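Source file: entry-v9.pdb. Holds: PDB, C-alpha atoms.
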```
ATOM      1  CA  MET Q 890      64.374-149.021-127.590  1.00  0.00           C
ATOM      2  CA  GLY Q 891      62.194-148.447-124.541  1.00  0.00           C
ATOM      3  CA  GLU Q 892      63.141-146.473-121.502  1.00  0.00           C
ATOM      4  CA  PHE Q 893      64.566-148.281-118.476  1.00  0.00           C
ATOM      5  CA  ARG Q 894      66.357-147.490-115.233  1.00  0.00           C
ATOM      6  CA  ASP Q 895      69.229-149.133-113.475  1.00  0.00           C
ATOM      7  CA  TYR Q 896      69.692-148.381-109.789  1.00  0.00           C
ATOM      8  CA  PHE Q 897      72.720-148.258-107.563  1.00  0.00           C
ATOM      9  CA  VAL Q 898      71.929-150.843-104.900  1.00  0.00           C
ATOM     10  CA  CYS Q 899      73.515-151.797-101.609  1.00  0.00           C
ATOM     11  CA  ASP Q 900      76.080-154.521-102.185  1.00  0.00           C
ATOM     12  CA  SER Q 901      75.133-156.132 -98.850  1.00  0.00           C
ATOM     13  CA  CYS Q 902      71.350-156.398 -99.107  1.00  0.00           C
ATOM     14  CA  HIS Q 903      70.499-155.173-102.660  1.00  0.00           C
ATOM     15  CA  ASN Q 904      68.234-152.388-101.357  1.00  0.00           C
ATOM     16  CA  LYS Q 905      67.962-149.331-103.634  1.00  0.00           C
ATOM     17  CA  ASP Q 906      66.811-146.812-100.995  1.00  0.00           C
ATOM     18  CA  PHE Q 907      69.327-144.624 -99.153  1.00  0.00           C
ATOM     19  CA  LYS Q 908      69.201-141.631 -96.846  1.00  0.00           C
ATOM     20  CA  ALA Q 909      71.727-138.807 -96.740  1.00  0.00           C
ATOM     21  CA  ILE Q 910      73.886-138.370 -93.653  1.00  0.00           C
ATOM     22  CA  TYR Q 911      75.843-135.160 -93.143  1.00  0.00           C
ATOM     23  CA  ASN Q 912      78.765-134.506 -90.787  1.00  0.00           C
ATOM     24  CA  PHE Q 913      79.908-130.955 -90.075  1.00  0.00           C
ATOM     25  CA  SER Q 914      83.220-130.070 -88.469  1.00  0.00           C
ATOM     26  CA  LEU Q 915      85.902-127.426 -88.105  1.00  0.00           C
ATOM     27  CA  ARG Q 916      89.528-128.297 -88.772  1.00  0.00           C
ATOM     28  CA  PHE Q 917      92.010-126.140 -86.845  1.00  0.00           C
ATOM     29  CA  HIS Q 918      95.654-125.714 -87.746  1.00  0.00           C
ATOM     30  CA  LYS Q 919      98.504-123.308 -87.139  1.00  0.00           C
ATOM     31  CA  VAL Q 920     100.425-121.433 -89.780  1.00  0.00           C
ATOM     32  CA  ASN Q 921     104.124-120.544 -89.698  1.00  0.00           C
ATOM     33  CA  PHE Q 922     103.703-116.765 -89.676  1.00  0.00           C
ATOM     34  CA  SER Q 923     101.228-116.505 -86.775  1.00  0.00           C
ATOM     35  CA  ASP Q 924     100.401-117.988 -83.399  1.00  0.00           C
ATOM     36  CA  ASP Q 925      96.697-117.820 -84.239  1.00  0.00           C
ATOM     37  CA  LEU Q 926      94.761-120.862 -85.273  1.00  0.00           C
ATOM     38  CA  ILE Q 927      93.213-120.997 -88.703  1.00  0.00           C
ATOM     39  CA  TYR Q 928      90.143-123.124 -89.314  1.00  0.00           C
ATOM     40  CA  ASP Q 929      88.316-124.650 -92.238  1.00  0.00           C
ATOM     41  CA  ASN Q 930      84.627-125.539 -92.319  1.00  0.00           C
ATOM     42  CA  LEU Q 931      84.229-129.130 -93.483  1.00  0.00           C
ATOM     43  CA  SER Q 932      81.141-131.080 -94.374  1.00  0.00           C
ATOM     44  CA  GLU Q 933      80.968-134.711 -95.361  1.00  0.00           C
ATOM     45  CA  GLU Q 934      78.073-136.362 -97.133  1.00  0.00           C
ATOM     46  CA  LYS Q 935      77.437-140.095 -96.844  1.00  0.00           C
ATOM     47  CA  PHE Q 936      74.559-142.266 -97.926  1.00  0.00           C
ATOM     48  CA  GLN Q 937      73.141-144.981 -95.680  1.00  0.00           C
ATOM     49  CA  CYS Q 938      71.127-147.980 -96.844  1.00  0.00           C
ATOM     50  CA  THR Q 939      67.669-147.804 -95.285  1.00  0.00           C
ATOM     51  CA  GLN Q 940      67.580-151.585 -94.831  1.00  0.00           C
ATOM     52  CA  CYS Q 941      70.978-152.693 -93.472  1.00  0.00           C
ATOM     53  CA  GLN Q 942      72.483-149.284 -92.575  1.00  0.00           C
ATOM     54  CA  LYS Q 943      75.673-149.782 -94.599  1.00  0.00           C
ATOM     55  CA  THR Q 944      77.136-146.401 -95.581  1.00  0.00           C
ATOM     56  CA  TYR Q 945      78.664-145.245 -98.848  1.00  0.00           C
ATOM     57  CA  THR Q 946      80.617-142.095 -99.604  1.00  0.00           C
ATOM     58  CA  LYS Q 947      79.540-139.824-102.413  1.00  0.00           C
ATOM     59  CA  ALA Q 948      82.611-140.962-104.378  1.00  0.00           C
ATOM     60  CA  GLU Q 949      81.604-144.631-103.977  1.00  0.00           C
ATOM     61  CA  VAL Q 950      78.097-143.902-105.269  1.00  0.00           C
ATOM     62  CA  GLN Q 951      79.474-141.909-108.205  1.00  0.00           C
ATOM     63  CA  GLU Q 952      81.902-144.711-109.055  1.00  0.00           C
ATOM     64  CA  GLY Q 953      79.061-147.238-108.850  1.00  0.00           C
ATOM     65  CA  LEU Q 954      76.992-145.152-111.255  1.00  0.00           C
ATOM     66  CA  ALA Q 955      79.968-144.800-113.600  1.00  0.00           C
ATOM     67  CA  GLU Q 956      80.401-148.585-113.533  1.00  0.00           C
ATOM     68  CA  LEU Q 957      76.713-148.966-114.321  1.00  0.00           C
ATOM     69  CA  LYS Q 958      77.155-146.722-117.362  1.00  0.00           C
ATOM     70  CA  ARG Q 959      80.210-148.715-118.515  1.00  0.00           C
ATOM     71  CA  ARG Q 960      78.341-152.005-118.141  1.00  0.00           C
ATOM     72  CA  ARG Q 961      75.292-150.702-119.998  1.00  0.00           C
ATOM     73  CA  LYS Q 962      77.463-149.393-122.847  1.00  0.00           C
ATOM     74  CA  GLY Q 963      79.187-152.774-122.975  1.00  0.00           C
ATOM     75  CA  GLY Q 964      75.876-154.612-123.326  1.00  0.00           C
ATOM     76  CA  VAL Q 965      75.735-156.070-119.812  1.00  0.00           C
ATOM     77  CA  SER Q 966      72.360-155.421-118.192  1.00  0.00           C
ATOM     78  CA  GLN Q 967      73.178-156.259-114.582  1.00  0.00           C
ATOM     79  CA  GLY Q 968      76.157-156.118-112.279  1.00  0.00           C
ATOM     80  CA  SER Q 969      76.765-156.872-108.624  1.00  0.00           C
ATOM     81  CA  LEU Q 970      75.937-153.316-107.527  1.00  0.00           C
ATOM     82  CA  PHE Q 971      73.010-152.658-109.838  1.00  0.00           C
ATOM     83  CA  SER Q 972      69.418-153.635-110.309  1.00  0.00           C
ATOM     84  CA  GLU Q 973      67.251-153.165-113.387  1.00  0.00           C
ATOM     85  CA  MET Q 974      63.656-152.131-112.783  1.00  0.00           C
TER      86      MET Q 974
END
```
Taking this structure as input, can you express it in the form of structure tokens?
Amino acid sequence: MGEFRDYFVCDSCHNKDFKAIYNFSLRFHKVNFSDDLIYDNLSEEKFQCTQCQKTYTKAEVQEGLAELKRRRKGGVSQGSLFSEM
């Protein structure tokens, strides 16, 4: 069997190119034993379609790739979120 690739594609416009978008924040909260604020550094990674600008979370992309693997194992070559090239 030859080598092939399936791509996660945008479900709006079927584009396969995305750019990473990062958000950085601090989350502040109090704790019972102190009047001081405690903070957590948070970063969020999203992926934006380069054609229609729809965004996907990392979890959505990973789930889409897992679905692609399930479909390929089941003998289906294409799904609504995937493109064979």
What are the centre and edge lengths in Å, to one decimal, of the axis-aligned box around all listed atoms of segment 905-915 of chain Q with 8 Å added on each side, as JSON?
```
{"center_x": 76.4, "center_y": -138.4, "center_z": -95.9, "size_x": 35.1, "size_y": 37.9, "size_z": 31.5}
```
Could you tell me which residues the PyMOL selection byres ((chain Q and resi 928-940) around 7) returns for this structure, as a list in words? Cys899, Asn904, Asp906, Phe907, Lys908, Ala909, Ile910, Tyr911, Asn912, Phe913, Ser914, Leu915, Arg916, Phe917, His918, Leu926, Ile927, Cys941, Gln942, Lys943, Thr944, Tyr945, Thr946 and Lys947 of chain Q
Can you work out which one of Q:Lys919, Q:His903, Q:Val898, Q:Asp925 has the shortest atom-to-atom distance to Leu954 of chain Q, counting only C-alpha atoms?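 Ranked by minimum distance to Leu954 of chain Q, first place goes to Q:Val898.
In this structure, atom CA of Gln951 of chain Q sits 24.7 Å away from atom CA of Gly891 of chain Q.
From atom CA of Lys962 of chain Q back to atom CA of Phe893 of chain Q, the distance works out to 13.7 Å.
Among the candidates Q:Asp900, Q:Asp924, Q:Asp895, Q:Glu949, the one nearest to Arg961 of chain Q when counting all atoms listed in the file is Q:Asp895.
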Could you jot down the atom CA of Glu892 of chain Q to atom CA of Ala948 of chain Q separation for me, Å, one decimal place?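 Separation between atom CA of Glu892 of chain Q and atom CA of Ala948 of chain Q: 26.5 Å.
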Requested file, segment 936-966 of chain Q restricted to N, CA and C atoms, as a PDB file, in the first residue's frame:
```
ATOM      1  N   PHE Q 936      -6.172  27.484  17.018  1.00  0.00           N
ATOM      2  CA  PHE Q 936      -5.726  27.422  15.639  1.00  0.00           C
ATOM      3  C   PHE Q 936      -6.782  28.068  14.756  1.00  0.00           C
ATOM      4  N   GLN Q 937      -6.352  29.011  13.926  1.00  0.00           N
ATOM      5  CA  GLN Q 937      -7.270  29.783  13.097  1.00  0.00           C
ATOM      6  C   GLN Q 937      -7.065  29.434  11.631  1.00  0.00           C
ATOM      7  N   CYS Q 938      -8.170  29.161  10.943  1.00  0.00           N
ATOM      8  CA  CYS Q 938      -8.137  28.903   9.509  1.00  0.00           C
ATOM      9  C   CYS Q 938      -7.603  30.147   8.801  1.00  0.00           C
ATOM     10  N   THR Q 939      -6.671  29.958   7.891  1.00  0.00           N
ATOM     11  CA  THR Q 939      -6.089  31.101   7.187  1.00  0.00           C
ATOM     12  C   THR Q 939      -7.020  31.658   6.111  1.00  0.00           C
ATOM     13  N   GLN Q 940      -8.080  30.937   5.791  1.00  0.00           N
ATOM     14  CA  GLN Q 940      -9.003  31.406   4.753  1.00  0.00           C
ATOM     15  C   GLN Q 940     -10.226  32.109   5.342  1.00  0.00           C
ATOM     16  N   CYS Q 941     -10.931  31.454   6.266  1.00  0.00           N
ATOM     17  CA  CYS Q 941     -12.178  32.043   6.786  1.00  0.00           C
ATOM     18  C   CYS Q 941     -12.059  32.532   8.231  1.00  0.00           C
ATOM     19  N   GLN Q 942     -10.939  32.336   8.861  1.00  0.00           N
ATOM     20  CA  GLN Q 942     -10.639  32.776  10.219  1.00  0.00           C
ATOM     21  C   GLN Q 942     -11.419  32.054  11.322  1.00  0.00           C
ATOM     22  N   LYS Q 943     -12.047  30.948  11.025  1.00  0.00           N
ATOM     23  CA  LYS Q 943     -12.696  30.161  12.075  1.00  0.00           C
ATOM     24  C   LYS Q 943     -11.612  29.582  12.977  1.00  0.00           C
ATOM     25  N   THR Q 944     -11.868  29.562  14.295  1.00  0.00           N
ATOM     26  CA  THR Q 944     -10.864  29.057  15.231  1.00  0.00           C
ATOM     27  C   THR Q 944     -11.279  27.709  15.808  1.00  0.00           C
ATOM     28  N   TYR Q 945     -10.263  26.924  16.127  1.00  0.00           N
ATOM     29  CA  TYR Q 945     -10.426  25.609  16.734  1.00  0.00           C
ATOM     30  C   TYR Q 945      -9.503  25.519  17.937  1.00  0.00           C
ATOM     31  N   THR Q 946      -9.969  24.868  18.995  1.00  0.00           N
ATOM     32  CA  THR Q 946      -9.110  24.624  20.141  1.00  0.00           C
ATOM     33  C   THR Q 946      -8.196  23.440  19.826  1.00  0.00           C
ATOM     34  N   LYS Q 947      -7.167  23.299  20.621  1.00  0.00           N
ATOM     35  CA  LYS Q 947      -6.265  22.170  20.439  1.00  0.00           C
ATOM     36  C   LYS Q 947      -7.023  20.851  20.617  1.00  0.00           C
ATOM     37  N   ALA Q 948      -7.945  20.816  21.571  1.00  0.00           N
ATOM     38  CA  ALA Q 948      -8.748  19.609  21.802  1.00  0.00           C
ATOM     39  C   ALA Q 948      -9.615  19.274  20.585  1.00  0.00           C
ATOM     40  N   GLU Q 949     -10.179  20.288  19.928  1.00  0.00           N
ATOM     41  CA  GLU Q 949     -10.997  20.043  18.738  1.00  0.00           C
ATOM     42  C   GLU Q 949     -10.156  19.481  17.594  1.00  0.00           C
ATOM     43  N   VAL Q 950      -8.946  19.996  17.433  1.00  0.00           N
ATOM     44  CA  VAL Q 950      -8.054  19.477  16.387  1.00  0.00           C
ATOM     45  C   VAL Q 950      -7.664  18.043  16.709  1.00  0.00           C
ATOM     46  N   GLN Q 951      -7.307  17.775  17.973  1.00  0.00           N
ATOM     47  CA  GLN Q 951      -6.932  16.416  18.353  1.00  0.00           C
ATOM     48  C   GLN Q 951      -8.088  15.441  18.168  1.00  0.00           C
ATOM     49  N   GLU Q 952      -9.299  15.855  18.500  1.00  0.00           N
ATOM     50  CA  GLU Q 952     -10.463  15.002  18.298  1.00  0.00           C
ATOM     51  C   GLU Q 952     -10.709  14.766  16.808  1.00  0.00           C
ATOM     52  N   GLY Q 953     -10.525  15.807  15.996  1.00  0.00           N
ATOM     53  CA  GLY Q 953     -10.663  15.642  14.550  1.00  0.00           C
ATOM     54  C   GLY Q 953      -9.655  14.658  13.984  1.00  0.00           C
ATOM     55  N   LEU Q 954      -8.426  14.711  14.483  1.00  0.00           N
ATOM     56  CA  LEU Q 954      -7.405  13.766  14.025  1.00  0.00           C
ATOM     57  C   LEU Q 954      -7.699  12.351  14.508  1.00  0.00           C
ATOM     58  N   ALA Q 955      -8.236  12.226  15.725  1.00  0.00           N
ATOM     59  CA  ALA Q 955      -8.627  10.911  16.225  1.00  0.00           C
ATOM     60  C   ALA Q 955      -9.768  10.334  15.385  1.00  0.00           C
ATOM     61  N   GLU Q 956     -10.704  11.181  15.004  1.00  0.00           N
ATOM     62  CA  GLU Q 956     -11.811  10.737  14.137  1.00  0.00           C
ATOM     63  C   GLU Q 956     -11.278  10.300  12.778  1.00  0.00           C
ATOM     64  N   LEU Q 957     -10.314  11.031  12.271  1.00  0.00           N
ATOM     65  CA  LEU Q 957      -9.685  10.655  11.001  1.00  0.00           C
ATOM     66  C   LEU Q 957      -9.071   9.262  11.105  1.00  0.00           C
ATOM     67  N   LYS Q 958      -8.387   8.996  12.202  1.00  0.00           N
ATOM     68  CA  LYS Q 958      -7.771   7.681  12.405  1.00  0.00           C
ATOM     69  C   LYS Q 958      -8.835   6.587  12.480  1.00  0.00           C
ATOM     70  N   ARG Q 959      -9.930   6.868  13.203  1.00  0.00           N
ATOM     71  CA  ARG Q 959     -11.025   5.883  13.307  1.00  0.00           C
ATOM     72  C   ARG Q 959     -11.636   5.607  11.939  1.00  0.00           C
ATOM     73  N   ARG Q 960     -11.843   6.655  11.152  1.00  0.00           N
ATOM     74  CA  ARG Q 960     -12.442   6.472   9.828  1.00  0.00           C
ATOM     75  C   ARG Q 960     -11.510   5.697   8.906  1.00  0.00           C
ATOM     76  N   ARG Q 961     -10.223   5.980   8.977  1.00  0.00           N
ATOM     77  CA  ARG Q 961      -9.258   5.287   8.125  1.00  0.00           C
ATOM     78  C   ARG Q 961      -9.183   3.814   8.508  1.00  0.00           C
ATOM     79  N   LYS Q 962      -9.197   3.526   9.812  1.00  0.00           N
ATOM     80  CA  LYS Q 962      -9.167   2.132  10.264  1.00  0.00           C
ATOM     81  C   LYS Q 962     -10.435   1.404   9.852  1.00  0.00           C
ATOM     82  N   GLY Q 963     -11.544   2.138   9.775  1.00  0.00           N
ATOM     83  CA  GLY Q 963     -12.816   1.537   9.392  1.00  0.00           C
ATOM     84  C   GLY Q 963     -13.000   1.417   7.891  1.00  0.00           C
ATOM     85  N   GLY Q 964     -12.028   1.883   7.103  1.00  0.00           N
ATOM     86  CA  GLY Q 964     -12.109   1.751   5.661  1.00  0.00           C
ATOM     87  C   GLY Q 964     -12.743   2.929   4.948  1.00  0.00           C
ATOM     88  N   VAL Q 965     -13.096   3.987   5.665  1.00  0.00           N
ATOM     89  CA  VAL Q 965     -13.680   5.164   5.046  1.00  0.00           C
ATOM     90  C   VAL Q 965     -12.547   6.123   4.726  1.00  0.00           C
ATOM     91  N   SER Q 966     -12.459   6.587   3.488  1.00  0.00           N
ATOM     92  CA  SER Q 966     -11.329   7.425   3.097  1.00  0.00           C
ATOM     93  C   SER Q 966     -11.554   8.902   3.315  1.00  0.00           C
TER      94      SER Q 966
END
```
